[in-house]
Structures are given as C-alpha cells and as structure tokens.
$ cat work-v8.csv   # CSV, C-alpha atoms and all ligand atoms
chain,number,residue,atom,x,y,z
A,573,MET,CA,-25.3,91.1,146.5
A,574,GLY,CA,-22.1,92.9,145.7
A,575,GLY,CA,-20.1,96.0,146.3
A,576,ARG,CA,-16.6,97.3,147.2
A,577,ALA,CA,-16.4,95.4,150.5
A,578,GLN,CA,-13.8,92.7,150.5
A,579,THR,CA,-15.4,90.4,153.0
A,580,ILE,CA,-19.0,89.3,153.7
A,581,GLU,CA,-18.7,90.8,157.2
A,582,ASP,CA,-17.9,94.2,155.6
A,583,LEU,CA,-20.8,93.9,153.1
A,584,ALA,CA,-23.4,92.7,155.6
A,585,PRO,CA,-24.4,96.0,157.2
A,586,ALA,CA,-25.4,97.5,153.8
A,587,VAL,CA,-27.1,94.3,152.7
A,588,LEU,CA,-29.1,94.0,156.0
A,589,ASN,CA,-30.1,97.7,155.8
A,590,ARG,CA,-31.7,97.0,152.3
A,591,ALA,CA,-33.0,93.5,153.0
A,592,PRO,CA,-33.2,92.5,156.6
A,593,ALA,CA,-34.6,89.1,155.8
A,594,VAL,CA,-31.2,88.1,154.4
A,595,ALA,CA,-30.0,87.8,158.0
A,596,GLU,CA,-32.0,84.5,158.2
A,597,MET,CA,-30.4,83.1,155.1
A,598,GLU,CA,-27.3,80.9,154.6
A,599,VAL,CA,-24.4,81.9,152.4
A,600,THR,CA,-24.1,79.1,149.8
A,601,HIS,CA,-21.4,80.5,147.6
A,602,SER,CA,-19.6,83.7,146.7
A,603,TRP,CA,-17.6,85.0,143.7
A,604,TRP,CA,-15.3,87.9,143.0
A,605,GLY,CA,-12.9,89.1,140.3
A,606,TYR,CA,-10.5,91.9,139.5
A,607,TYR,CA,-11.4,94.8,137.2
A,608,ALA,CA,-8.8,95.6,134.5
A,609,VAL,CA,-8.4,99.3,135.3
A,610,THR,CA,-6.9,101.9,133.0
A,611,PRO,CA,-5.8,105.4,134.1
A,612,ASP,CA,-9.0,107.0,132.9
A,613,ASN,CA,-11.3,104.0,133.7
A,614,ASN,CA,-12.1,103.4,130.0
A,615,ALA,CA,-11.1,100.6,127.6
A,616,ILE,CA,-8.2,100.8,125.2
A,617,ILE,CA,-9.3,99.8,121.7
A,618,GLY,CA,-7.5,100.1,118.4
A,619,THR,CA,-4.6,99.0,116.2
A,620,ALA,CA,-1.0,99.1,117.3
A,621,PRO,CA,1.0,101.5,115.2
A,622,GLY,CA,4.0,99.9,113.5
A,623,ILE,CA,2.9,96.3,114.1
A,624,ASP,CA,1.0,94.9,111.2
A,625,ARG,CA,-2.6,93.9,112.0
A,626,LEU,CA,-2.1,93.9,115.8
A,627,HIS,CA,-5.6,94.9,117.1
A,628,TYR,CA,-6.4,95.3,120.8
A,629,ALA,CA,-9.5,95.7,123.0
A,630,THR,CA,-8.8,95.4,126.7
A,631,GLY,CA,-8.8,97.3,130.0
A,632,PHE,CA,-12.6,97.7,130.1
A,633,SER,CA,-12.5,98.9,133.7
A,634,GLY,CA,-15.8,97.3,134.6
A,635,HIS,CA,-17.8,98.2,131.4
A,636,GLY,CA,-16.8,95.2,129.3
A,637,PHE,CA,-20.1,93.4,129.2
A,638,GLN,CA,-22.1,96.5,128.1
A,639,GLN,CA,-19.6,97.5,125.5
A,640,GLY,CA,-18.9,94.0,124.2
A,641,PRO,CA,-21.3,94.0,121.3
A,642,VAL,CA,-20.0,97.1,119.6
A,643,VAL,CA,-16.4,96.4,120.4
A,644,GLY,CA,-16.7,92.9,119.0
A,645,GLU,CA,-18.2,94.3,115.8
A,646,HIS,CA,-15.5,96.9,115.6
A,647,LEU,CA,-12.7,94.3,116.0
A,648,ALA,CA,-14.2,92.1,113.4
A,649,GLU,CA,-14.3,95.1,111.0
A,650,LEU,CA,-10.6,95.9,111.8
A,651,VAL,CA,-9.6,92.3,111.2
A,652,LEU,CA,-11.5,92.2,107.9
A,653,GLY,CA,-9.9,95.5,106.8
A,654,SER,CA,-13.3,97.2,106.3
A,655,GLU,CA,-14.3,100.7,107.3
A,656,PRO,CA,-15.4,100.7,111.0
A,657,THR,CA,-19.1,101.4,111.5
A,658,PHE,CA,-18.5,103.3,114.7
A,659,ASP,CA,-15.6,105.7,115.3
A,660,LEU,CA,-13.9,104.2,118.4
A,661,SER,CA,-10.6,106.0,117.7
A,662,PRO,CA,-11.0,108.0,121.0
A,663,PHE,CA,-10.3,104.8,122.8
A,664,ALA,CA,-6.9,104.3,121.1
A,665,MET,CA,-3.9,103.7,123.4
A,666,ASP,CA,-2.1,106.9,122.3
A,667,ARG,CA,-4.7,109.0,124.3
A,668,PHE,CA,-2.4,108.5,127.3
A,669,GLU,CA,0.5,110.2,125.4
A,670,THR,CA,-1.6,113.0,123.8
A,671,GLY,CA,-3.6,113.8,126.9
A,672,ALA,CA,-6.9,113.2,125.1
A,673,VAL,CA,-8.1,110.9,127.9
A,674,LEU,CA,-11.8,110.0,128.5
A,675,PRO,CA,-12.3,110.2,132.3
A,676,GLU,CA,-15.1,107.9,133.4
A,677,THR,CA,-16.8,109.4,136.5
A,678,ALA,CA,-19.5,106.8,137.0
A,679,VAL,CA,-17.1,104.2,138.4
A,680,ILE,CA,-18.9,101.6,140.5
B,1,LIG,C1,-16.7,91.5,139.6
B,1,LIG,C2,-16.9,92.1,138.2
B,1,LIG,C3,-18.1,92.7,137.9
B,1,LIG,C4,-18.3,93.3,136.6
B,1,LIG,N1,-19.5,93.9,136.3
B,1,LIG,C5,-19.7,94.4,135.1
B,1,LIG,C6,-21.0,95.0,134.8
B,1,LIG,O1,-21.9,95.1,135.6
B,1,LIG,N2,-21.1,95.5,133.6
B,1,LIG,C7,-20.2,95.5,132.6
B,1,LIG,O2,-20.4,96.0,131.5
B,1,LIG,N3,-19.0,94.9,132.9
B,1,LIG,C8,-18.7,94.4,134.1
B,1,LIG,N4,-17.5,93.8,134.4
B,1,LIG,C9,-16.5,93.9,133.4
B,1,LIG,C10,-16.5,92.8,132.4
B,1,LIG,O3,-16.7,91.5,133.1
B,1,LIG,C11,-15.2,92.8,131.6
B,1,LIG,O4,-14.9,94.1,131.2
B,1,LIG,C12,-15.3,91.8,130.5
B,1,LIG,O5,-15.5,90.5,130.9
B,1,LIG,C13,-13.9,91.9,129.7
B,1,LIG,O6,-14.0,91.0,128.6
B,1,LIG,P1,-12.7,90.6,127.9
B,1,LIG,O7,-13.1,89.6,126.8
B,1,LIG,O8,-11.9,91.8,127.5
B,1,LIG,O9,-11.8,89.9,129.0
B,1,LIG,P2,-12.1,88.6,129.8
B,1,LIG,O10,-13.5,88.3,130.0
B,1,LIG,O11,-11.2,88.7,131.0
B,1,LIG,O12,-11.6,87.4,128.9
B,1,LIG,C14,-10.2,87.2,128.7
B,1,LIG,C15,-10.0,85.7,128.4
B,1,LIG,O13,-8.7,85.5,128.0
B,1,LIG,C16,-8.2,84.3,128.7
B,1,LIG,N5,-6.7,84.4,128.7
B,1,LIG,C17,-6.0,85.2,129.5
B,1,LIG,N6,-4.7,85.0,129.2
B,1,LIG,C18,-4.6,84.1,128.2
B,1,LIG,C19,-3.6,83.4,127.5
B,1,LIG,N7,-2.3,83.7,127.8
B,1,LIG,N8,-3.9,82.5,126.6
B,1,LIG,C20,-5.2,82.2,126.4
B,1,LIG,N9,-6.2,82.8,127.0
B,1,LIG,C21,-5.9,83.7,127.9
B,1,LIG,C22,-8.9,84.3,130.0
B,1,LIG,O14,-8.9,83.1,130.6
B,1,LIG,C23,-10.3,84.9,129.7
B,1,LIG,O15,-11.1,83.8,129.3
B,1,LIG,C24,-17.3,93.2,135.7
B,1,LIG,C25,-16.1,92.6,136.0
B,1,LIG,C26,-15.9,92.1,137.2
B,1,LIG,C27,-14.6,91.4,137.6

$ encode --input "work-v8.csv" --output "structure tokens" --more "lines below"
Ligand SMILES: Cc1cc2nc3c(=O)[nH]c(=O)nc-3n(C[C@H](O)[C@H](O)[C@H](O)COP(=O)(O)OP(=O)(O)OC[C@H]3O[C@@H](n4cnc5c(N)ncnc54)[C@H](O)[C@@H]3O)c2cc1C
Amino acid sequence: MGGRAQTIEDLAPAVLNRAPAVAEMEVTHSWWGYYAVTPDNNAIIGTAPGIDRLHYATGFSGHGFQQGPVVGEHLAELVLGSEPTFDLSPFAMDRFETGAVLPETAVI
C-alpha cells in the first residue's frame, strides 16, 4: 500500500475503501523515501559542458526504475565515447536555461 499520505492513519481510509479486510491485519513494517524532483519532474541526463568527461544522470523524479535500463546504456556509451543509441539530449541540464523543458504531467 502506498500513496501521498505521510502517516498510516492518513492512508488508512483509502486502503480500507479498496480492501476492507486489511482492517483485520497487523502492520508489520513500513518504508518510505524521498523523490529527487526537478522543476519539470523529469531526469537530467547528459555531459557537463566545459568539464572533461563529467556525465550525469540524476533527478529522476519518481521514474528512475523504469528509465534505468536505457539511461544506464546511454551513460555507458557516453563513458566509452561511442555514438549514443538513443537521443537523450532533451534531458540535458541546459533545458532549464533555454526553456525547452519537458513537463511531466503524470506525476504520482
Ligand atoms: C518511494 C519511492 C517510490 C518510487 N517508485 C518508483 C516507481 O514506481 N517507478 C519508477 O520508475 N521509479 C520509482 N521511484 C524512483 C526510483 O527509485 C529512483 O528514480 C531511482 O532509484 C534513482 O536511481 P539512481 O541510481 O539515480 O539513485 P539512487 O537509487 O538514489 O542511488 C544513488 C546511490 O548513491 C549513493 N550515494 C549517495 N551519495 C553518495 C556519496 N557521496 N558517495 C557514495 N555513494 C553515494 C546512495 O547511497 C545510493 O545508493 C521511486 C522512488 C521512491 C523514493
């Protein structure tokens, strides 16, 4: 069970609406974590201008697992100096200066 609620008490009404049987169960453990969030809710991926071979891939804003395979491949290609298979240049940091941001509307 998960959501935006910050306490189990706040989460409980939605959970019990979906699965009333949960009311009879014990909470054994819980887990939470922060999202790294960028202004347009998308990752920043690329190579820093003016700093030799500094590649970055961070700020996944809650999409990091699903994007991990292609981003990992892309970073490996950048490190090896080979031509990237996929064009991930729209994710470069400079989009926040140029205004070419990629607003993600399906934020969970
Ligand atoms: C609650 C939650 C739910 C999520 N759900 C989804 C989902 O459903 N689908 C999805 O696609 N994504 C989801 N995400 C996002 C996904 O987990 C992240 O985008 C992804 O894990 C980011 O991977 P990363 O390798 O960039 O960073 P991380 O996984 O954060 O890895 C960074 C690593 O660097 C280490 N580190 C930090 N500083 C240093 C240092 N100075 N020296 C050495 N090591 C250091 C950290 O310990 C960590 O191991 C979720 C995230 C959260 C928090």

$ closest_residue --input "work-v8.csv" --among "A:Ser602, A:Thr579, A:Ser633, A:Thr619" --to "ligand LIG 1 (chain B)" --atoms "all atoms listed in the file"
A:Ser633

$ residues_near_ligand --input "work-v8.csv" --ligand "ligand LIG 1 (chain B)" --cutoff "9 Å" --atoms "all atoms listed in the file" --output "PyMOL selection string"
chain A and resi 574-575+603-608+615+629-640+680

$ residues_around --input "work-v8.csv" --residues "A:Val673" --least-positions-apart "4" --cutoff "10 Å" --atoms "all atoms listed in the file" --output "ChimeraX atom specification"
/A:611-614,662-669

$ write_last_selection --input "work-v8.csv" --atoms "C-alpha atoms" --output "PDB file, in the frame of the given file"
ATOM      1  CA  PRO A 611      -5.800 105.400 134.100  1.00  0.00           C
ATOM      2  CA  ASP A 612      -9.000 107.000 132.900  1.00  0.00           C
ATOM      3  CA  ASN A 613     -11.300 104.000 133.700  1.00  0.00           C
ATOM      4  CA  ASN A 614     -12.100 103.400 130.000  1.00  0.00           C
ATOM      5  CA  PRO A 662     -11.000 108.000 121.000  1.00  0.00           C
ATOM      6  CA  PHE A 663     -10.300 104.800 122.800  1.00  0.00           C
ATOM      7  CA  ALA A 664      -6.900 104.300 121.100  1.00  0.00           C
ATOM      8  CA  MET A 665      -3.900 103.700 123.400  1.00  0.00           C
ATOM      9  CA  ASP A 666      -2.100 106.900 122.300  1.00  0.00           C
ATOM     10  CA  ARG A 667      -4.700 109.000 124.300  1.00  0.00           C
ATOM     11  CA  PHE A 668      -2.400 108.500 127.300  1.00  0.00           C
ATOM     12  CA  GLU A 669       0.500 110.200 125.400  1.00  0.00           C
TER      13      GLU A 669
END

$ atom_distance --input "work-v8.csv" --atom1 "atom CA of A:Ser654" --atom2 "atom CA of A:Ala672"
25.5 Å

$ residues_around --input "work-v8.csv" --residues "A:Val642" --least-positions-apart "5" --cutoff "12 Å" --atoms "all atoms listed in the file" --output "list in words"
Ile617, Ala629, Gly636, Phe637, Leu647, Ala648, Glu649, Pro656, Thr657, Phe658, Asp659 and Leu660 of chain A

$ residues_around --input "work-v8.csv" --residues "A:Asp624" --least-positions-apart "2" --cutoff "12 Å" --atoms "all atoms listed in the file" --output "CSV table (one decimal) with C-alpha atoms, keeping the file's coordinate frame"
chain,number,residue,atom,x,y,z
A,619,THR,CA,-4.6,99.0,116.2
A,620,ALA,CA,-1.0,99.1,117.3
A,621,PRO,CA,1.0,101.5,115.2
A,622,GLY,CA,4.0,99.9,113.5
A,626,LEU,CA,-2.1,93.9,115.8
A,627,HIS,CA,-5.6,94.9,117.1
A,650,LEU,CA,-10.6,95.9,111.8
A,651,VAL,CA,-9.6,92.3,111.2
A,653,GLY,CA,-9.9,95.5,106.8

$ atom_distance --input "work-v8.csv" --atom1 "atom CA of A:Glu581" --atom2 "atom CA of A:Glu676"
29.5 Å

$ atom_distance --input "work-v8.csv" --atom1 "atom CA of A:Pro675" --atom2 "atom CA of A:Thr610"
9.9 Å

$ decode --input "work-v8.csv" --residues "stretch 598-611 of chain A" --atoms "N, CA and C atoms" --output "CSV table (one decimal), in the first residue's frame"
chain,number,residue,atom,x,y,z
A,598,GLU,N,-2.3,-6.8,10.9
A,598,GLU,CA,-1.4,-6.1,11.6
A,598,GLU,C,-0.4,-5.4,10.7
A,599,VAL,N,0.1,-4.2,11.0
A,599,VAL,CA,1.2,-3.5,10.3
A,599,VAL,C,2.5,-4.1,10.8
A,600,THR,N,3.2,-4.8,9.9
A,600,THR,CA,4.5,-5.4,10.4
A,600,THR,C,5.7,-4.5,10.1
A,601,HIS,N,5.6,-3.8,9.0
A,601,HIS,CA,6.7,-2.8,8.7
A,601,HIS,C,6.2,-1.8,7.7
A,602,SER,N,6.9,-0.7,7.6
A,602,SER,CA,6.6,0.3,6.6
A,602,SER,C,7.9,0.9,6.1
A,603,TRP,N,7.9,1.6,4.9
A,603,TRP,CA,9.1,2.1,4.3
A,603,TRP,C,8.7,3.3,3.5
A,604,TRP,N,9.6,4.3,3.4
A,604,TRP,CA,9.3,5.5,2.6
A,604,TRP,C,10.6,6.0,2.1
A,605,GLY,N,10.5,7.0,1.2
A,605,GLY,CA,11.7,7.6,0.7
A,605,GLY,C,11.4,8.9,0.0
A,606,TYR,N,12.4,9.7,-0.2
A,606,TYR,CA,12.1,11.0,-0.9
A,606,TYR,C,12.3,10.8,-2.4
A,607,TYR,N,11.5,11.5,-3.2
A,607,TYR,CA,11.8,11.6,-4.7
A,607,TYR,C,12.8,12.7,-4.9
A,608,ALA,N,13.7,12.5,-5.8
A,608,ALA,CA,14.6,13.6,-6.2
A,608,ALA,C,13.7,14.3,-7.3
A,609,VAL,N,13.3,15.5,-7.1
A,609,VAL,CA,12.4,16.2,-8.0
A,609,VAL,C,13.0,17.4,-8.7
A,610,THR,N,12.9,17.4,-10.0
A,610,THR,CA,13.4,18.5,-10.8
A,610,THR,C,12.2,19.5,-11.1
A,611,PRO,N,12.5,20.7,-11.6
A,611,PRO,CA,11.4,21.6,-11.9
A,611,PRO,C,10.3,21.1,-12.9
